[in-house]
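Engineer: Here you go, protein.pdb (PDB, C-alpha atoms and all ligand atoms):
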```pdb
ATOM      1  CA  MET A  56     118.361  89.525 111.519
ATOM      2  CA  GLU A  57     121.843  88.450 112.652
ATOM      3  CA  ALA A  58     120.805  85.521 114.884
ATOM      4  CA  GLY A  59     118.585  83.978 112.206
ATOM      5  CA  LEU A  60     121.221  84.373 109.515
ATOM      6  CA  VAL A  61     123.906  82.806 111.711
ATOM      7  CA  SER A  62     121.712  79.801 112.487
ATOM      8  CA  ALA A  63     120.824  79.429 108.787
ATOM      9  CA  LEU A  64     124.527  79.463 107.854
ATOM     10  CA  ALA A  65     125.419  77.037 110.647
ATOM     11  CA  LYS A  66     123.022  74.445 109.188
ATOM     12  CA  SER A  67     125.146  74.149 106.016
ATOM     13  CA  PRO A  68     128.773  74.807 106.998
ATOM     14  CA  ASP A  69     130.086  73.305 103.730
ATOM     15  CA  ALA A  70     127.892  75.326 101.380
ATOM     16  CA  THR A  71     129.801  77.318  98.785
ATOM     17  CA  LEU A  72     126.987  79.789  98.143
ATOM     18  CA  ALA A  73     124.467  81.361 100.494
ATOM     19  CA  VAL A  74     121.434  83.485  99.636
ATOM     20  CA  LEU A  75     120.447  85.570 102.651
ATOM     21  CA  GLU A  76     117.293  87.649 102.913
ATOM     22  CA  VAL A  77     118.321  90.495 105.185
ATOM     23  CA  ASP A  78     116.159  92.887 107.168
ATOM     24  CA  GLU A  79     116.713  96.384 105.764
ATOM     25  CA  LYS A  80     118.091  97.634 109.065
ATOM     26  CA  TYR A  81     120.820  94.962 109.134
ATOM     27  CA  LEU A  82     122.021  95.268 105.535
ATOM     28  CA  PRO A  83     125.102  97.459 106.289
ATOM     29  CA  ALA A  84     126.269  95.200 109.136
ATOM     30  CA  MET A  85     125.752  92.028 107.086
ATOM     31  CA  LEU A  86     127.576  93.524 104.131
ATOM     32  CA  THR A  87     130.605  94.100 106.372
ATOM     33  CA  ALA A  88     130.323  90.713 108.072
ATOM     34  CA  THR A  89     129.950  88.611 104.907
ATOM     35  CA  SER A  90     131.733  90.623 102.161
ATOM     36  CA  ALA A  91     128.748  89.698  99.989
ATOM     37  CA  ARG A  92     129.540  89.199  96.310
ATOM     38  CA  VAL A  93     126.110  90.404  95.199
ATOM     39  CA  VAL A  94     123.524  92.605  96.903
ATOM     40  CA  VAL A  95     119.989  92.740  95.521
ATOM     41  CA  LEU A  96     117.768  95.740  96.298
ATOM     42  CA  LEU A  97     114.133  95.560  95.202
ATOM     43  CA  ASN A  98     112.332  98.349  97.028
ATOM     44  CA  LEU A  99     112.441 100.394 100.189
ATOM     45  CA  SER A 100     109.324 101.454 102.052
ATOM     46  CA  ARG A 101     108.342 102.164 105.626
ATOM     47  CA  ASP A 102     108.172  99.093 107.838
ATOM     48  CA  GLN A 103     108.424  98.427 111.589
ATOM     49  CA  MET A 104     109.284 102.027 112.271
ATOM     50  CA  ASP A 105     109.379 101.532 116.036
ATOM     51  CA  ARG A 106     112.625  99.573 115.643
ATOM     52  CA  ALA A 107     113.914 100.451 112.184
ATOM     53  CA  ALA A 108     114.876 104.032 111.433
ATOM     54  CA  GLU A 109     112.928 106.496 109.323
ATOM     55  CA  ILE A 110     113.159 105.448 105.694
ATOM     56  CA  TRP A 111     115.463 108.181 104.350
ATOM     57  CA  MET A 112     117.934 107.488 107.142
ATOM     58  CA  LEU A 113     117.989 103.809 106.150
ATOM     59  CA  ALA A 114     118.632 104.814 102.533
ATOM     60  CA  ARG A 115     121.548 106.980 103.660
ATOM     61  CA  ARG A 116     123.037 104.048 105.610
ATOM     62  CA  TRP A 117     122.656 101.730 102.603
ATOM     63  CA  ARG A 118     124.320 104.312 100.367
ATOM     64  CA  ALA A 119     127.335 104.674 102.673
ATOM     65  CA  ALA A 120     127.667 100.894 103.139
ATOM     66  CA  LEU A 121     127.493 100.143  99.397
ATOM     67  CA  ALA A 122     129.967 102.929  98.582
ATOM     68  CA  ALA A 123     132.395 101.281 101.022
ATOM     69  CA  ALA A 124     132.076  97.827  99.347
ATOM     70  CA  PRO A 125     133.776  98.222  95.947
ATOM     71  CA  GLY A 126     133.981  94.453  95.301
ATOM     72  CA  CYS A 127     130.246  93.996  95.594
ATOM     73  CA  ARG A 128     127.942  93.916  92.571
ATOM     74  CA  VAL A 129     124.585  95.570  93.256
ATOM     75  CA  ILE A 130     121.424  94.577  91.391
ATOM     76  CA  ALA A 131     118.969  97.398  92.022
ATOM     77  CA  ASN A 132     115.480  98.463  91.025
ATOM     78  CA  ALA A 133     115.862 101.719  89.068
ATOM     79  CA  ASP A 134     112.120 102.442  89.407
ATOM     80  CA  ASP A 135     112.350 103.014  93.164
ATOM     81  CA  PRO A 136     113.994 106.440  93.696
ATOM     82  CA  LEU A 137     115.090 105.575  97.243
ATOM     83  CA  VAL A 138     116.746 102.331  96.105
ATOM     84  CA  ALA A 139     118.360 104.085  93.130
ATOM     85  CA  TRP A 140     119.778 106.730  95.432
ATOM     86  CA  ALA A 141     120.966 104.148  97.974
ATOM     87  CA  ALA A 142     122.833 102.247  95.228
ATOM     88  CA  GLY A 143     123.974 105.448  93.509
ATOM     89  CA  GLN A 144     127.538 105.411  94.841
ATOM     90  CA  ALA A 145     128.147 101.673  94.493
ATOM     91  CA  ARG A 146     130.995 100.801  92.115
ATOM     92  CA  GLN A 147     129.202  98.101  90.066
ATOM     93  CA  VAL A 148     125.437  98.294  89.576
ATOM     94  CA  THR A 149     123.064  96.397  87.283
ATOM     95  CA  TRP A 150     119.924  98.520  87.001
ATOM     96  CA  VAL A 151     116.592  96.796  86.498
ATOM     97  CA  ALA A 152     113.250  98.409  85.643
ATOM     98  CA  ALA A 153     111.251  96.256  88.057
ATOM     99  CA  GLY A 154     108.421  98.744  88.607
ATOM    100  CA  GLN A 155     107.199 100.518  91.718
ATOM    101  CA  ARG A 156     103.589 100.230  92.824
ATOM    102  CA  TRP A 157     103.960 102.083  96.141
ATOM    103  CA  HIS A 158     104.981 105.733  95.687
ATOM    104  CA  ASP A 159     104.153 107.141  99.110
ATOM    105  CA  ASP A 160     107.727 106.958 100.423
ATOM    106  CA  SER A 161     109.333 108.524  97.383
ATOM    107  CA  TRP A 162     107.531 111.692  96.368
ATOM    108  CA  CYS A 163     110.643 113.727  97.201
ATOM    109  CA  CYS A 164     114.223 113.587  95.953
ATOM    110  CA  PRO A 165     116.412 111.814  98.548
ATOM    111  CA  ASN A 166     119.367 113.843  97.301
ATOM    112  CA  CYS A 167     118.031 117.384  97.722
ATOM    113  CA  GLY A 168     114.487 117.168  99.143
ATOM    114  CA  SER A 169     112.673 118.713  96.161
ATOM    115  CA  HIS A 170     109.604 117.132  94.607
ATOM    116  CA  LEU A 171     110.358 114.306  92.189
ATOM    117  CA  ARG A 172     108.696 114.551  88.790
ATOM    118  CA  ARG A 173     107.246 111.414  87.228
ATOM    119  CA  ASP A 174     106.506 110.671  83.605
ATOM    120  CA  GLY A 175     105.215 107.116  83.236
ATOM    121  CA  GLU A 176     107.925 104.858  84.644
ATOM    122  CA  ASP A 177     110.508 107.633  84.384
ATOM    123  CA  TRP A 178     111.310 109.892  87.318
ATOM    124  CA  TYR A 179     113.683 112.795  87.804
ATOM    125  CA  CYS A 180     114.378 115.661  90.131
ATOM    126  CA  GLY A 181     113.730 119.145  88.776
ATOM    127  CA  GLU A 182     116.268 120.737  91.114
ATOM    128  CA  CYS A 183     119.330 118.450  91.019
ATOM    129  CA  GLN A 184     120.917 115.837  88.753
ATOM    130  CA  ASN A 185     119.209 112.895  90.454
ATOM    131  CA  ARG A 186     117.224 110.834  87.942
ATOM    132  CA  ARG A 187     116.282 107.274  87.019
ATOM    133  CA  PRO A 188     119.400 105.491  85.726
ATOM    134  CA  PRO A 189     119.391 103.688  82.364
ATOM    135  CA  VAL A 190     118.408 100.041  82.796
ATOM    136  CA  ARG A 191     119.858  96.737  81.566
ATOM    137  CA  TRP A 192     116.792  94.594  82.304
ATOM    138  CA  ALA A 193     113.124  95.576  82.311
ATOM    139  CA  LEU A 194     109.689  94.291  83.205
ATOM    140  CA  VAL A 195     107.043  95.377  80.688
ATOM    141  CA  GLY A 196     103.575  93.955  81.355
ATOM    142  CA  ASN A 197     104.010  90.185  81.481
ATOM    143  CA  GLU A 198     107.349  90.255  79.624
ATOM    144  CA  VAL A 199     110.979  90.446  80.632
ATOM    145  CA  ILE A 200     113.198  92.488  78.315
ATOM    146  CA  ASP A 201     116.764  91.134  78.426
ATOM    147  CA  PRO A 202     119.982  93.165  77.873
ATOM    148  CA  ALA A 203     119.871  92.383  74.129
ATOM    149  CA  GLY A 204     116.349  93.862  73.940
ATOM    150  CA  ARG A 205     114.600  90.523  73.470
ATOM    151  CA  ALA A 206     111.177  90.158  75.076
ATOM    152  CA  ARG A 207     110.032  86.895  76.660
ATOM    153  CA  PRO A 208     106.700  86.176  78.326
ATOM    154  CA  LEU A 209     107.030  85.395  82.043
ATOM    155  CA  ASP A 210     103.867  83.307  82.574
ATOM    156  CA  LEU A 211     104.616  82.758  86.256
ATOM    157  CA  THR A 212     102.685  80.418  88.512
ATOM    158  CA  LEU A 213     102.850  83.013  91.315
ATOM    159  CA  PRO A 214     100.305  85.831  90.998
ATOM    160  CA  GLY A 215     100.703  89.585  90.820
ATOM    161  CA  ARG A 216     102.972  92.313  89.662
ATOM    162  CA  ALA A 217     105.289  91.989  92.696
ATOM    163  CA  ASN A 218     106.267  88.467  91.672
ATOM    164  CA  ARG A 219     106.889  89.520  88.066
ATOM    165  CA  SER A 220     109.234  92.189  89.483
ATOM    166  CA  ASN A 221     110.964  89.582  91.640
ATOM    167  CA  ALA A 222     111.410  87.319  88.608
ATOM    168  CA  VAL A 223     113.051  90.004  86.464
ATOM    169  CA  ILE A 224     115.411  90.889  89.310
ATOM    170  CA  ALA A 225     116.192  87.151  89.676
ATOM    171  CA  PHE A 226     117.181  86.954  85.986
ATOM    172  CA  ALA A 227     119.579  89.881  86.477
ATOM    173  CA  VAL A 228     121.120  88.072  89.464
ATOM    174  CA  ALA A 229     121.342  84.792  87.514
ATOM    175  CA  GLU A 230     123.278  86.624  84.784
ATOM    176  CA  VAL A 231     125.995  87.560  87.312
ATOM    177  CA  PHE A 232     126.449  83.847  88.057
ATOM    178  CA  GLY A 233     126.590  82.884  84.375
ATOM    179  CA  VAL A 234     123.035  81.517  84.191
ATOM    180  CA  SER A 235     121.095  82.667  81.121
ATOM    181  CA  VAL A 236     117.487  83.824  81.150
ATOM    182  CA  THR A 237     116.667  80.766  79.013
ATOM    183  CA  GLN A 238     118.072  78.440  81.691
ATOM    184  CA  ALA A 239     116.482  80.352  84.545
ATOM    185  CA  MET A 240     113.000  80.746  83.030
ATOM    186  CA  ASP A 241     111.530  77.307  83.746
ATOM    187  CA  PRO A 242     112.685  77.082  87.383
ATOM    188  CA  VAL A 243     111.327  80.585  88.012
ATOM    189  CA  ARG A 244     107.984  79.711  86.415
ATOM    190  CA  GLN A 245     107.671  76.611  88.557
ATOM    191  CA  VAL A 246     107.851  78.420  91.909
ATOM    192  CA  ARG A 247     104.424  77.905  93.520
ATOM    193  CA  SER A 248     104.956  79.059  97.062
ATOM    194  CA  VAL A 249     107.597  80.955  99.027
ATOM    195  CA  ALA A 250     107.844  79.855 102.694
ATOM    196  CA  GLY A 251     104.081  79.293 102.727
ATOM    197  CA  ARG A 252     103.198  82.468 100.834
ATOM    198  CA  TYR A 253     100.598  81.906  98.088
ATOM    199  CA  THR A 254     100.077  78.356  99.284
ATOM    200  CA  GLN A 255      96.600  76.918  98.801
ATOM    201  CA  VAL A 256      95.309  74.635 101.503
ATOM    202  CA  GLU A 257      91.992  72.887 102.057
ATOM    203  CA  ARG A 258      90.280  73.533 105.399
ATOM    204  CA  ARG A 259      86.833  72.123 106.191
ATOM    205  CA  GLY A 260      85.724  72.327 102.571
ATOM    206  CA  THR A 261      87.169  75.784 101.930
ATOM    207  CA  ALA A 262      90.200  76.308  99.680
ATOM    208  CA  LEU A 263      92.343  78.868 101.511
ATOM    209  CA  ARG A 264      95.042  80.886  99.809
ATOM    210  CA  LEU A 265      97.637  82.495 102.084
ATOM    211  CA  LEU A 266      99.120  85.916 101.335
ATOM    212  CA  LEU A 267     101.739  87.595 103.520
ATOM    213  CA  ALA A 268     101.728  91.397 103.809
ATOM    214  CA  LYS A 269     103.813  93.157 106.437
ATOM    215  CA  ASN A 270     103.677  96.836 105.532
ATOM    216  CA  PRO A 271     101.606  99.260 103.408
ATOM    217  CA  ALA A 272     103.543  98.487 100.216
ATOM    218  CA  GLY A 273     103.008  94.762 100.776
ATOM    219  CA  TRP A 274      99.289  95.209 101.472
ATOM    220  CA  LEU A 275      98.915  97.127  98.234
ATOM    221  CA  GLU A 276     100.437  94.172  96.351
ATOM    222  CA  ALA A 277      98.341  91.623  98.271
ATOM    223  CA  LEU A 278      95.070  93.504  97.653
ATOM    224  CA  ASP A 279      95.963  93.524  93.945
ATOM    225  CA  VAL A 280      96.028  89.735  93.705
ATOM    226  CA  LEU A 281      92.806  89.002  95.626
ATOM    227  CA  VAL A 282      90.277  86.822  93.874
ATOM    228  CA  PRO A 283      87.346  89.145  92.907
ATOM    229  CA  PRO A 284      84.164  89.344  95.075
ATOM    230  CA  PRO A 285      82.142  87.597  96.336
ATOM    231  CA  VAL A 286      85.077  85.443  97.504
ATOM    232  CA  PRO A 287      85.544  86.278 101.203
ATOM    233  CA  VAL A 288      88.770  87.636 102.660
ATOM    234  CA  LEU A 289      90.263  87.101 106.106
ATOM    235  CA  LEU A 290      92.657  89.802 107.357
ATOM    236  CA  ALA A 291      94.867  89.022 110.356
ATOM    237  CA  VAL A 292      97.200  91.460 112.098
ATOM    238  CA  ASN A 293      99.521  91.033 115.077
ATOM    239  CA  ALA A 294     101.943  93.520 116.636
ATOM    240  CA  GLN A 295     104.638  91.342 118.158
ATOM    241  CA  THR A 296     108.303  92.376 117.973
ATOM    242  CA  PRO A 297     108.916  90.893 114.485
ATOM    243  CA  ASP A 298     105.810  92.693 113.174
ATOM    244  CA  GLY A 299     106.624  96.037 114.770
ATOM    245  CA  LYS A 300     104.700  97.131 117.864
ATOM    246  CA  ASP A 301     103.188 100.166 116.182
ATOM    247  CA  THR A 302     100.112  99.443 114.029
ATOM    248  CA  SER A 303      99.662 103.023 112.790
ATOM    249  CA  TRP A 304     100.783 101.816 109.335
ATOM    250  CA  LEU A 305      97.291 100.337 108.917
ATOM    251  CA  TRP A 306      96.176 103.913 108.183
ATOM    252  CA  ASP A 307      98.461 104.035 105.129
ATOM    253  CA  VAL A 308      96.620 101.136 103.475
ATOM    254  CA  ASP A 309      93.585 101.883 101.320
ATOM    255  CA  TYR A 310      91.035  99.240 102.345
ATOM    256  CA  ARG A 311      88.094 100.734 100.420
ATOM    257  CA  ARG A 312      88.511  98.230  97.626
ATOM    258  CA  LEU A 313      87.324  95.530 100.058
ATOM    259  CA  ARG A 314      83.837  97.045 100.141
ATOM    260  CA  GLY A 315      81.090  94.782  98.876
ATOM    261  CA  ARG A 316      82.585  91.421  99.815
ATOM    262  CA  PRO A 317      82.591  89.381 103.024
ATOM    263  CA  VAL A 318      85.546  90.470 105.184
ATOM    264  CA  PHE A 319      86.705  88.782 108.399
ATOM    265  CA  VAL A 320      89.246  90.279 110.791
ATOM    266  CA  ALA A 321      91.412  88.253 113.131
ATOM    267  CA  GLY A 322      94.747  88.345 114.905
ATOM    268  CA  GLU A 323      95.924  89.819 118.179
ATOM    269  CA  ARG A 324      95.344  93.373 116.920
ATOM    270  CA  LYS A 325      92.034  92.754 115.208
ATOM    271  CA  LEU A 326      90.485  95.712 117.037
ATOM    272  CA  ASP A 327      93.031  98.079 115.429
ATOM    273  CA  LEU A 328      92.117  96.600 112.073
ATOM    274  CA  ALA A 329      88.401  96.899 112.872
ATOM    275  CA  VAL A 330      88.732 100.624 113.623
ATOM    276  CA  ARG A 331      90.623 101.109 110.366
ATOM    277  CA  LEU A 332      87.974  99.256 108.313
ATOM    278  CA  GLU A 333      85.213 101.191 110.081
ATOM    279  CA  ALA A 334      86.851 104.445 108.936
ATOM    280  CA  ASP A 335      86.989 103.139 105.358
ATOM    281  CA  GLU A 336      83.325 102.049 105.577
ATOM    282  CA  VAL A 337      84.170  98.396 104.959
ATOM    283  CA  ALA A 338      81.721  95.978 106.601
ATOM    284  CA  PHE A 339      83.375  93.112 108.488
ATOM    285  CA  TRP A 340      82.946  90.290 110.979
ATOM    286  CA  MET A 341      85.305  89.591 113.865
ATOM    287  CA  ALA A 342      86.750  86.077 113.949
ATOM    288  CA  GLY A 343      88.472  84.424 116.902
ATOM    289  CA  SER A 344      90.399  82.038 114.662
ATOM    290  CA  ILE A 345      90.800  80.965 111.089
ATOM    291  CA  ASP A 346      88.451  78.032 111.691
ATOM    292  CA  GLU A 347      85.757  80.379 113.000
ATOM    293  CA  ALA A 348      86.054  82.486 109.821
ATOM    294  CA  VAL A 349      85.914  79.384 107.620
ATOM    295  CA  GLU A 350      82.849  78.200 109.558
ATOM    296  CA  GLN A 351      81.009  81.513 109.214
ATOM    297  CA  ALA A 352      81.939  82.147 105.570
ATOM    298  CA  ARG A 353      80.807  78.762 104.228
ATOM    299  CA  SER A 354      82.497  79.507 100.932
ATOM    300  CA  PRO A 355      84.312  77.188  98.496
ATOM    301  CA  SER A 356      87.330  79.492  98.667
ATOM    302  CA  MET A 357      88.796  82.299 100.784
ATOM    303  CA  ASP A 358      91.853  84.544 100.539
ATOM    304  CA  VAL A 359      93.824  85.194 103.722
ATOM    305  CA  ILE A 360      96.110  88.225 104.166
ATOM    306  CA  ALA A 361      98.197  88.267 107.326
ATOM    307  CA  ASN A 362     101.242  90.069 108.628
ATOM    308  CA  TYR A 363     104.335  88.265 109.813
ATOM    309  CA  THR A 364     103.553  86.512 113.126
ATOM    310  CA  ALA A 365      99.827  86.300 112.317
ATOM    311  CA  PHE A 366     100.817  84.445 109.145
ATOM    312  CA  GLN A 367     103.014  82.054 111.140
ATOM    313  CA  GLN A 368     100.179  81.425 113.613
ATOM    314  CA  ILE A 369      97.785  80.623 110.784
ATOM    315  CA  ARG A 370     100.322  78.228 109.253
ATOM    316  CA  ALA A 371     100.650  76.545 112.651
ATOM    317  CA  ALA A 372      96.860  76.337 113.047
ATOM    318  CA  LEU A 373      96.670  74.655 109.651
ATOM    319  CA  GLY A 374      99.125  72.069 110.874
ATOM    320  CA  ARG A 375     102.058  73.295 108.783
ATOM    321  CA  ALA A 376     100.465  71.552 105.828
ATOM    322  CA  VAL A 377     101.545  74.746 104.080
TER     323      VAL A 377
HETATM  324 ZN    ZN F 401     117.054 116.452  93.809
END
```
Would you mind giving the structure from this file in structure tokens?
Ligand SMILES: [Zn+2]
Structural biologist:
Amino acid sequence: MEAGLVSALAKSPDATLAVLEVDEKYLPAMLTATSARVVVLLNLSRDQMDRAAEIWMLARRWRAALAAAPGCRVIANADDPLVAWAAGQARQVTWVAAGQRWHDDSWCCPNCGSHLRRDGEDWYCGECQNRRPPVRWALVGNEVIDPAGRARPLDLTLPGRANRSNAVIAFAVAEVFGVSVTQAMDPVRQVRSVAGRYTQVERRGTALRLLLAKNPAGWLEALDVLVPPPVPVLLAVNAQTPDGKDTSWLWDVDYRRLRGRPVFVAGERKLDLAVRLEADEVAFWMAGSIDEAVEQARSPSMDVIANYTAFQQIRAALGRAV
């Protein structure tokens, strides 16, 4: 948000480049305030709906803001119909096939409201001209396909499809700054952790791996990269202002795949999570803290999925070793 971005910029007043991760609600204002040279749009899904607007309204605001910024190059995920529509009136767009795992916010055409048709990765509206734009970069399995059609294996250190998508988008951004995929590949492969996410840390004989998930789309990605059973999982949810006060999004996550493994729930809203797991017939234990879960699980390893402030609390409890 604005205050955080201002304080980040103030720390390096002489920097010639800044990379700012911007809350979706603040993108139009930041675009005006910074005259950004490049805007990168990966996906758009419901999040913190008590303070952000409904998702189609956000897409409309992005679309108007990007149309009014002709000097800005947009790097956008063509596989997300909401993102494609939001970037659809921008003057300069690099389209990337970065994939879309979460479809539940884009079953309908943002242009006319009809049902979108899907055919593999392709999507199109049967009622208007809205369709997936042709792409310059693509993610196919574990490979990036560059603009010349060459395929290269990604072999990232970070797990999961979401990080492969991020990597392909990063190559498209690097290209704008004159950095080739060959130059960018090794640094991208070497990323092990992002602000504590995916970090592994030892706690009382248990190797913990930390995964951040803030909304249903993020939980879907996090559940995909879990180590298979019987490795236990700790889920922690808070509902402070940065998380969004409304936890009803928990009902959009399919927790059934957690059945048959030890599950611990923690965080300030662990009762909300408990009710949700009960409905999905997932057995669980309540934990007062991460140490309590580690103590009860007595396992060589454990995955931890937490939303924003719960994640920060866990990092603090682990002594910021992560
Ligand atoms: Zn349409």
Engineer: Give me, as a PyMOL selection string, all polymer residues having an atom no more than 12 Å from Asn221 (chain A), counting all atoms listed in the file and skipping those fewer than 6 positions away in the same chain.
Structural biologist: chain A and resi 95-98+130-132+151-155+193-194+199+209+211+213-215+227-228+243-244+246+249
Engineer: Would you compute the distance between CA of Gly315 (chain A) and CA of Gly196 (chain A)? Give it in Å to one decimal.
Structural biologist: 28.5 Å
Engineer: To verify the selection step, state as a PyMOL selection string which residues the PyMOL selection byres (((not hetatm)) within 12 of (chain F and resi 401)) yields on this input.
Structural biologist: chain A and resi 136-137+140+161-172+178-187
Engineer: Got a sec: who's within 12 Å of Glu350 (chain A), counting all atoms listed in the file, leaving out chain neighbours fewer than 5 positions off, as an NGL selection string?
Structural biologist: :A and (258-261 or 287 or 319 or 342-345 or 355-357)
Engineer: Rounded to one decimal, what separation in Å do you get between CA of Tyr81 (chain A) and CA of Trp117 (chain A)?
Structural biologist: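 Interatomic distance here is 9.6 Å.
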Engineer: With only C-alpha atoms as the basis for distance, which of A:Val318, A:Ala63, A:Val288, A:Val190 is at the shortest distance from Leu75 (chain A)?
Structural biologist: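 Of the candidates, the smallest distance to Leu75 (chain A) is held by A:Ala63.
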Engineer: On this file, the PyMOL selection byres (((chain A and resi 314) around 9) and not hetatm) gives some set of residues; write that set as a PDB file with C-alpha atoms, in the coordinates of the input.
Structural biologist:
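expr_20.pdb, written as the output of this step:
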```pdb
ATOM      1  CA  TYR A 310      91.035  99.240 102.345  1.00  0.00           C
ATOM      2  CA  ARG A 311      88.094 100.734 100.420  1.00  0.00           C
ATOM      3  CA  ARG A 312      88.511  98.230  97.626  1.00  0.00           C
ATOM      4  CA  LEU A 313      87.324  95.530 100.058  1.00  0.00           C
ATOM      5  CA  GLY A 315      81.090  94.782  98.876  1.00  0.00           C
ATOM      6  CA  ARG A 316      82.585  91.421  99.815  1.00  0.00           C
ATOM      7  CA  PRO A 317      82.591  89.381 103.024  1.00  0.00           C
ATOM      8  CA  VAL A 318      85.546  90.470 105.184  1.00  0.00           C
ATOM      9  CA  ASP A 335      86.989 103.139 105.358  1.00  0.00           C
ATOM     10  CA  GLU A 336      83.325 102.049 105.577  1.00  0.00           C
ATOM     11  CA  VAL A 337      84.170  98.396 104.959  1.00  0.00           C
ATOM     12  CA  ALA A 338      81.721  95.978 106.601  1.00  0.00           C
TER      13      ALA A 338
END
```
Engineer: May I ask for the distance between CA of Ala365 (chain A) and CA of Glu323 (chain A), given in Å to one decimal place?
Structural biologist: 7.9 Å
Engineer: Would you please work out which residue, of A:Ala70, A:Gly299, A:Asn293, A:Cys127, is nearest to Thr89 (chain A) when using only C-alpha atoms?
Structural biologist: A:Cys127
Engineer: For the PyMOL selection byres (((chain A and resi 294) around 9) and not hetatm), applied here, can you spell out every residue it catches as a list in words?
Structural biologist: Val292, Asn293, Gln295, Thr296, Pro297, Asp298, Gly299, Lys300, Asp301, Thr302, Glu323, Arg324, Asn362, Tyr363, Thr364 and Ala365 of chain A
Engineer: Extending 8 Å beyond the listed atoms of region 228-234 of chain A on each side, what axis-aligned box results? I want centre and edge lengths in Å to one decimal, as AutoDock Vina command-line options.
Structural biologist:
```
--center_x 123.9 --center_y 84.8 --center_z 86.8 --size_x 21.5 --size_y 22.6 --size_z 21.3
```
Engineer: Just want the 9 Å neighbourhood of Leu86 (chain A), counted on only C-alpha atoms, with same-chain residues fewer than 4 positions away dropped. Output as a list in words.
Structural biologist: Tyr81, Leu82, Ser90, Ala91, Val94, Ala120, Leu121, Ala124 and Cys127 of chain A
Engineer: Restricting the calculation to only C-alpha atoms: of A:Ala361, A:Ala329, A:Ala239, A:Leu99, which residue gets closest to His158 (chain A)?
Structural biologist: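 Ranking A:Ala361, A:Ala329, A:Ala239, A:Leu99 by distance to His158 (chain A), first place goes to A:Leu99.
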Engineer: Go through A:Leu305, A:Ala348, A:Ala268, A:Ala321 and flag the residue nearest Leu290 (chain A), using all atoms listed in the file for the distances.
Structural biologist: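 With all atoms listed in the file as the atom set, the closest residue is A:Ala321.
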Engineer: Region 71-74 of chain A: which residues within 10 Å, counting only C-alpha atoms, same-chain residues fewer than 2 positions away excluded, as a ChimeraX atom specification?
Structural biologist: /A:60,63-64,67-69,76-77,91-94
Engineer: From the list A:Asp78, A:Leu278, A:Phe339, A:Thr237, which residue is nearest Ala107 (chain A) when using all atoms listed in the file?
Structural biologist: A:Asp78
Engineer: In the coordinate frame of the file, compute which residues have an atom within 12 Å of (97.5, 70.8, 110.2) when using only C-alpha atoms, and state them as a ChimeraX atom specification.
Structural biologist: /A:256-259,346,368-377
Engineer: Restricting the calculation to only C-alpha atoms: of A:Arg191, A:Arg116, A:Arg219, A:Arg207, which residue gets closest to Trp150 (chain A)?
Structural biologist: A:Arg191
Engineer: Taking (133.2, 101.5, 94.4) in the file's coordinates, which residues come within 9 Å, counting all atoms listed in the file, written as an MDAnalysis selection string?
Structural biologist: chainID A and resid 121:127 144:147
Engineer: Any chance you could export the current selection's C-alpha atoms as a CSV table (one decimal), in the frame of the given file?
Structural biologist:
```csv
chain,number,residue,atom,x,y,z
A,121,LEU,CA,127.5,100.1,99.4
A,122,ALA,CA,130.0,102.9,98.6
A,123,ALA,CA,132.4,101.3,101.0
A,124,ALA,CA,132.1,97.8,99.3
A,125,PRO,CA,133.8,98.2,95.9
A,126,GLY,CA,134.0,94.5,95.3
A,127,CYS,CA,130.2,94.0,95.6
A,144,GLN,CA,127.5,105.4,94.8
A,145,ALA,CA,128.1,101.7,94.5
A,146,ARG,CA,131.0,100.8,92.1
A,147,GLN,CA,129.2,98.1,90.1
```
Engineer: Take region 69-77 of chain A from the block and save it with N, CA and C atoms, as a PDB file, in the first residue's frame.
Structural biologist:
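So part19.pdb came out as:
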```pdb
ATOM      1  N   ASP A  69      18.731   7.159  -3.838  1.00  0.00           N
ATOM      2  CA  ASP A  69      19.563   7.294  -5.032  1.00  0.00           C
ATOM      3  C   ASP A  69      19.357   6.169  -6.050  1.00  0.00           C
ATOM      4  N   ALA A  70      18.485   5.233  -5.736  1.00  0.00           N
ATOM      5  CA  ALA A  70      18.285   4.100  -6.641  1.00  0.00           C
ATOM      6  C   ALA A  70      17.765   4.588  -7.989  1.00  0.00           C
ATOM      7  N   THR A  71      18.227   3.938  -9.056  1.00  0.00           N
ATOM      8  CA  THR A  71      17.759   4.337 -10.384  1.00  0.00           C
ATOM      9  C   THR A  71      16.590   3.479 -10.841  1.00  0.00           C
ATOM     10  N   LEU A  72      16.437   2.314 -10.220  1.00  0.00           N
ATOM     11  CA  LEU A  72      15.322   1.428 -10.551  1.00  0.00           C
ATOM     12  C   LEU A  72      14.625   1.011  -9.259  1.00  0.00           C
ATOM     13  N   ALA A  73      13.331   0.849  -9.315  1.00  0.00           N
ATOM     14  CA  ALA A  73      12.600   0.317  -8.161  1.00  0.00           C
ATOM     15  C   ALA A  73      11.614  -0.731  -8.661  1.00  0.00           C
ATOM     16  N   VAL A  74      11.530  -1.844  -7.953  1.00  0.00           N
ATOM     17  CA  VAL A  74      10.528  -2.867  -8.250  1.00  0.00           C
ATOM     18  C   VAL A  74       9.555  -2.867  -7.088  1.00  0.00           C
ATOM     19  N   LEU A  75       8.307  -2.510  -7.354  1.00  0.00           N
ATOM     20  CA  LEU A  75       7.321  -2.354  -6.283  1.00  0.00           C
ATOM     21  C   LEU A  75       6.220  -3.399  -6.452  1.00  0.00           C
ATOM     22  N   GLU A  76       5.992  -4.175  -5.412  1.00  0.00           N
ATOM     23  CA  GLU A  76       4.842  -5.084  -5.425  1.00  0.00           C
ATOM     24  C   GLU A  76       3.663  -4.298  -4.849  1.00  0.00           C
ATOM     25  N   VAL A  77       2.622  -4.156  -5.641  1.00  0.00           N
ATOM     26  CA  VAL A  77       1.537  -3.243  -5.308  1.00  0.00           C
ATOM     27  C   VAL A  77       0.247  -4.022  -5.072  1.00  0.00           C
TER      28      VAL A  77
END
```
